[in-house]
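Working notes for the structure below.
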Amino acid sequence: RCLSDWSSDVCSSDLVRILPQPGSLKSFDVAMPHPEGSIAVSYAKEANSVRFAIDLPAGIKGTLVWKNKTYALHGGKQTVRLQSGSPPL
């Protein structure tokens, strides 16, 4: 089962796009190798929100696409918590 779609944007490995597809799962952890290091994504469905813990290699930018909205990511560890109908917390 595909839990997340990964791609390099704009013909460059300096920008990645993460499209989680958890289906009915309440949580998952995935990792993928990248020329600059590992990309790791953890997902957890919480009471009124979802939480993503994302770790991108230093110097790599990216986007998280969730429910047809795009959120900017930066190199390093970050947490994105989203509630229905609201901007990231």
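Ordered as shown in the structure tokens, chains take letters A, B, and onward, while each chain numbers its residues from 1 and ligands are numbered from 1 in the order shown.
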Just want the 7 Å neighbourhood of segment 54-61 of chain A, counted on only C-alpha atoms, with same-chain residues fewer than 6 positions away dropped. Output as number ranges by chain. A: 14-16, 36-42, 73-79
For Arg81 of chain A, work out the shell of residues within 12 Å, counting only C-alpha atoms and skipping chain neighbours fewer than 5 positions away, then give it as an NGL selection string. :A and (42-54 or 64 or 66 or 71 or 86-89)
Please, what distance in Å, to one decimal, runs between atom CA of Leu19 of chain A and atom CA of Val65 of chain A?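 A separation of 5.0 Å between them.
The spacing separating atom CA of Gln21 of chain A from atom CA of Gly62 of chain A amounts to 17.0 Å.
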One-decimal distance in Å that lies between atom CA of Gln83 of chain A and atom CA of Leu25 of chain A: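 Going from atom CA of Leu25 of chain A over to atom CA of Gln83 of chain A, I get 17.1 Å.
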Once DSSP has gone over the backbone, tell me which residues of segment 8-80 of chain A are in strand (DSSP E or B), as number ranges by chain. A: 8, 15-20, 27-34, 37-45, 49-56, 61-66, 69-73, 76-80
